[in-house]
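Remarks on the structure that follows.
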Amino acid sequence: MRQSQLFTKTRKEAPADEVAKNAQLLTRAGYVHKEMAGVYSFLPLGLRVLKKIEQVIREEMDKIGNEVLLPALSSADVWKQTGRFDTVDVLMRTVGANELSLAKSDASYVLNSTHEEIITPIAQESNGSYKDLPVAYYQIQTKFRNEARAKSGLLRGREFRMKDLYSFHRDENDLKEYYNNAKLSYQEVFKRLGLGEDTFITLASGGDFTTDFSHEFQTICEAGEDLIYLDRKNKIAYNKEVVTPENAEKLGVDFDSLEQVKACEVGNIFPLNTKFSKAFDYTYTDESGAQQPVFMGCYGIGPSRLMGVIVEKFADEAGLVWPEAIAPFQIHLLSLAGDNAEVAKEAEEIYKELVASGADVLFDDRDVRAGEKFADSDLIGIPKRFIVSEKSLAQGMVEVKERATGKVTMVSITDLRDSI
RNA sequence: CGGAGUGUGGUGUAACGGCUAACAUGUCUGCUUUGGGAGCAGAUGACUCCGGGUUCGAAUCCCGGCACUCCGACCA
């Protein structure tokens, strides 16, 4: 893509109302635009990153489930059926045509904050036999949560992207087996996103559900909202909310001996057991013809929050720094031509060859000074920078600079062409 | 949802209750410059968040609302 065609521009200063590092840099670099607190538009660069994160997740989830797309909007009835219509305070309730009441209890519709209420009846329709189980569905979609306090840029939004997977099983053992397997898939996702070393399975409260603990995936991050007690040696952590004398005894863990670190929850998995199948009266027929309750699990990852976490962890003073797996482009080609037509022509040719070879490249073909191109390139944070200038061309070279390390190497144009 | 703070050109800031709301940046013209957001000249751009009130006079003081940010609560 040509940078002259990119419709966003970079800014020297972040808007005063953005305090979080991720929001400041993503806004300055033109990746996102804030619509209101906790609600962002994803602009071309930001959308490319988001899609890449989602694609990594999709590839891993395809190994353990079937992708679907569920509606963001649903009827209030299904939420009333599980009793969560009145109890979930982040639920966004809304009304339809001809409805005047704004009382939340009168709302006919819901902007979904999670999809157990939607997927359970769907699964029920097609999976009524033991032969159909286990089965798992997932989606990557926009969720709504009416957070009382949206904050920290992409880290806690009122509208955000989420991958949610739901699994259905004939009994608790089968659920457990799948659940443990899902844990491994999650670890693979975070590893591929470059967060493997700093992401830990963390015991957290079972929340609303009938379980002792749920499992969170917490990434060490100063900007995170959670405090975890980390046992690095055993690669496990405990959310502060479960650090109690009773749990110390139950788990046989001395919490005081553990390292306390701030972290951000990037994933969460719950054994739901029969909570939702009971609400919808979802049973399956076993081998003997008897009706049995279906056991469920749910598994979430927040792609847009991950984007924020990755910015928080890798960015430096000069701007964003993307891991290759999710960078908006792999190569940032800068043409420092000035009025040297030969340099411009050479840069143009290299660009065309890169594109023809399928390389993922952003070409700064703008007629601006070198300093501005460097500053923008640092800010945008593409992993590799290729610089074509009078200086480098005179030696038949292209300068290659790594964004993350600042390491510079000179590569001959012939070698570069060969490697393309 | 409790507490605190802040709302001024696209962006960042300034302005004692008193002149035509100032400066920087951005954007547009022209010149100049060309390896780290360079320089010169000109132009463009604001019902000072909304609604009331006090006052001869309000960006400024008061009341109400809304929005944003931070701390806390919450986060199935």
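Every chain in the structure tokens has a letter given in the order shown (A, B, ...), and although residue numbers restart at 1 in each chain, ligands are simply numbered from 1 in the order shown.
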
Task: Residues of chain A within 7 Å of chain B, only C-alpha atoms (C1' of nucleotides) counted, as a VMD selection string - done: chain A and resid 13 15 17 88 207 to 208 338 369 to 372 374 to 375

Task: Polymer residues at most 12 Å from A41 of chain B, only C-alpha atoms (C1' of nucleotides), same-chain spacing of 2 or more positions, as a ChimeraX atom specification - done: /B:29-32,39,43

- [ ] Name the residues of segment 34-110 of chain A that come out as strand (DSSP E or B) in a backbone DSSP run; write them as a VMD selection string.
- [x] chain A and resid 34 to 36 39 to 42 66 to 67 73 to 75 92 to 94 109 to 110

How would the residues just picked look written out with N, CA and C atoms as an mmCIF file, in the first residue's frame?
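Once everything was written out, this is again_28.cif:
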data_model
loop_
_atom_site.group_PDB
_atom_site.id
_atom_site.type_symbol
_atom_site.label_atom_id
_atom_site.label_comp_id
_atom_site.auth_asym_id
_atom_site.auth_seq_id
_atom_site.Cartn_x
_atom_site.Cartn_y
_atom_site.Cartn_z
ATOM 1 N N LYS A 34 -11.356 7.642 18.571
ATOM 2 C CA LYS A 34 -12.323 7.470 19.650
ATOM 3 C C LYS A 34 -13.668 8.078 19.293
ATOM 4 N N GLU A 35 -14.694 7.287 19.415
ATOM 5 C CA GLU A 35 -16.057 7.776 19.179
ATOM 6 C C GLU A 35 -16.613 8.328 20.484
ATOM 7 N N MET A 36 -16.439 7.560 21.552
ATOM 8 C CA MET A 36 -16.788 8.008 22.901
ATOM 9 C C MET A 36 -16.050 7.093 23.872
ATOM 10 N N VAL A 39 -15.304 3.333 23.206
ATOM 11 C CA VAL A 39 -15.803 2.956 21.878
ATOM 12 C C VAL A 39 -14.888 3.557 20.814
ATOM 13 N N TYR A 40 -14.273 2.698 20.033
ATOM 14 C CA TYR A 40 -13.300 3.162 19.040
ATOM 15 C C TYR A 40 -13.633 2.668 17.642
ATOM 16 N N SER A 41 -13.328 3.519 16.659
ATOM 17 C CA SER A 41 -13.337 3.086 15.269
ATOM 18 C C SER A 41 -11.955 2.540 14.970
ATOM 19 N N PHE A 42 -11.897 1.510 14.161
ATOM 20 C CA PHE A 42 -10.607 0.977 13.720
ATOM 21 C C PHE A 42 -10.361 1.464 12.303
ATOM 22 N N ASN A 66 -16.297 -25.035 15.500
ATOM 23 C CA ASN A 66 -16.834 -24.557 14.225
ATOM 24 C C ASN A 66 -17.159 -23.079 14.345
ATOM 25 N N GLU A 67 -16.705 -22.301 13.358
ATOM 26 C CA GLU A 67 -16.982 -20.868 13.437
ATOM 27 C C GLU A 67 -18.416 -20.536 13.001
ATOM 28 N N LEU A 73 -27.558 -8.248 18.295
ATOM 29 C CA LEU A 73 -28.860 -7.886 18.863
ATOM 30 C C LEU A 73 -29.682 -9.144 19.102
ATOM 31 N N SER A 74 -30.341 -9.196 20.245
ATOM 32 C CA SER A 74 -31.225 -10.345 20.471
ATOM 33 C C SER A 74 -32.455 -9.896 21.241
ATOM 34 N N SER A 75 -33.385 -10.801 21.393
ATOM 35 C CA SER A 75 -34.596 -10.461 22.145
ATOM 36 C C SER A 75 -34.285 -10.520 23.634
ATOM 37 N N MET A 92 -26.618 -4.151 28.012
ATOM 38 C CA MET A 92 -27.226 -3.007 27.345
ATOM 39 C C MET A 92 -28.612 -3.424 26.879
ATOM 40 N N ARG A 93 -29.587 -2.751 27.432
ATOM 41 C CA ARG A 93 -30.968 -3.074 27.090
ATOM 42 C C ARG A 93 -31.516 -1.973 26.197
ATOM 43 N N THR A 94 -32.333 -2.348 25.247
ATOM 44 C CA THR A 94 -32.844 -1.338 24.343
ATOM 45 C C THR A 94 -34.278 -1.662 23.944
ATOM 46 N N TYR A 109 -35.253 -5.665 23.806
ATOM 47 C CA TYR A 109 -34.072 -6.144 23.101
ATOM 48 C C TYR A 109 -32.820 -5.965 23.942
ATOM 49 N N VAL A 110 -31.799 -6.724 23.548
ATOM 50 C CA VAL A 110 -30.535 -6.684 24.262
ATOM 51 C C VAL A 110 -29.417 -6.623 23.240
#

Task: Non-local contacts of segment 19-24 of chain B (10 Å; only C-alpha atoms (C1' of nucleotides); under 6 positions in same chain excluded) as a PyMOL selection string - done: chain B and resi 8+12-13+46+48+59

- [ ] Enumerate as an NGL selection string all residues of segment 101-291 of chain A assigned to helix (DSSP H, G or I) by DSSP on the backbone, naming them with the chain letters and numbers the document uses.
- [x] :A and (104-106 or 116-126 or 130-132 or 153-155 or 172-192 or 196-198 or 240-242 or 245-251 or 255-257 or 275-279)

Open item on the list: List as a ChimeraX atom specification the protein and nucleic acid residues near segment 155-163 of chain A, meaning an atom at most 8 Å away when only C-alpha atoms (C1' of nucleotides) are counted, but skip any in the same chain fewer than 4 places from it.
Closed with: /A:37-40,57,138-147,150-151,224,300-306,308-309
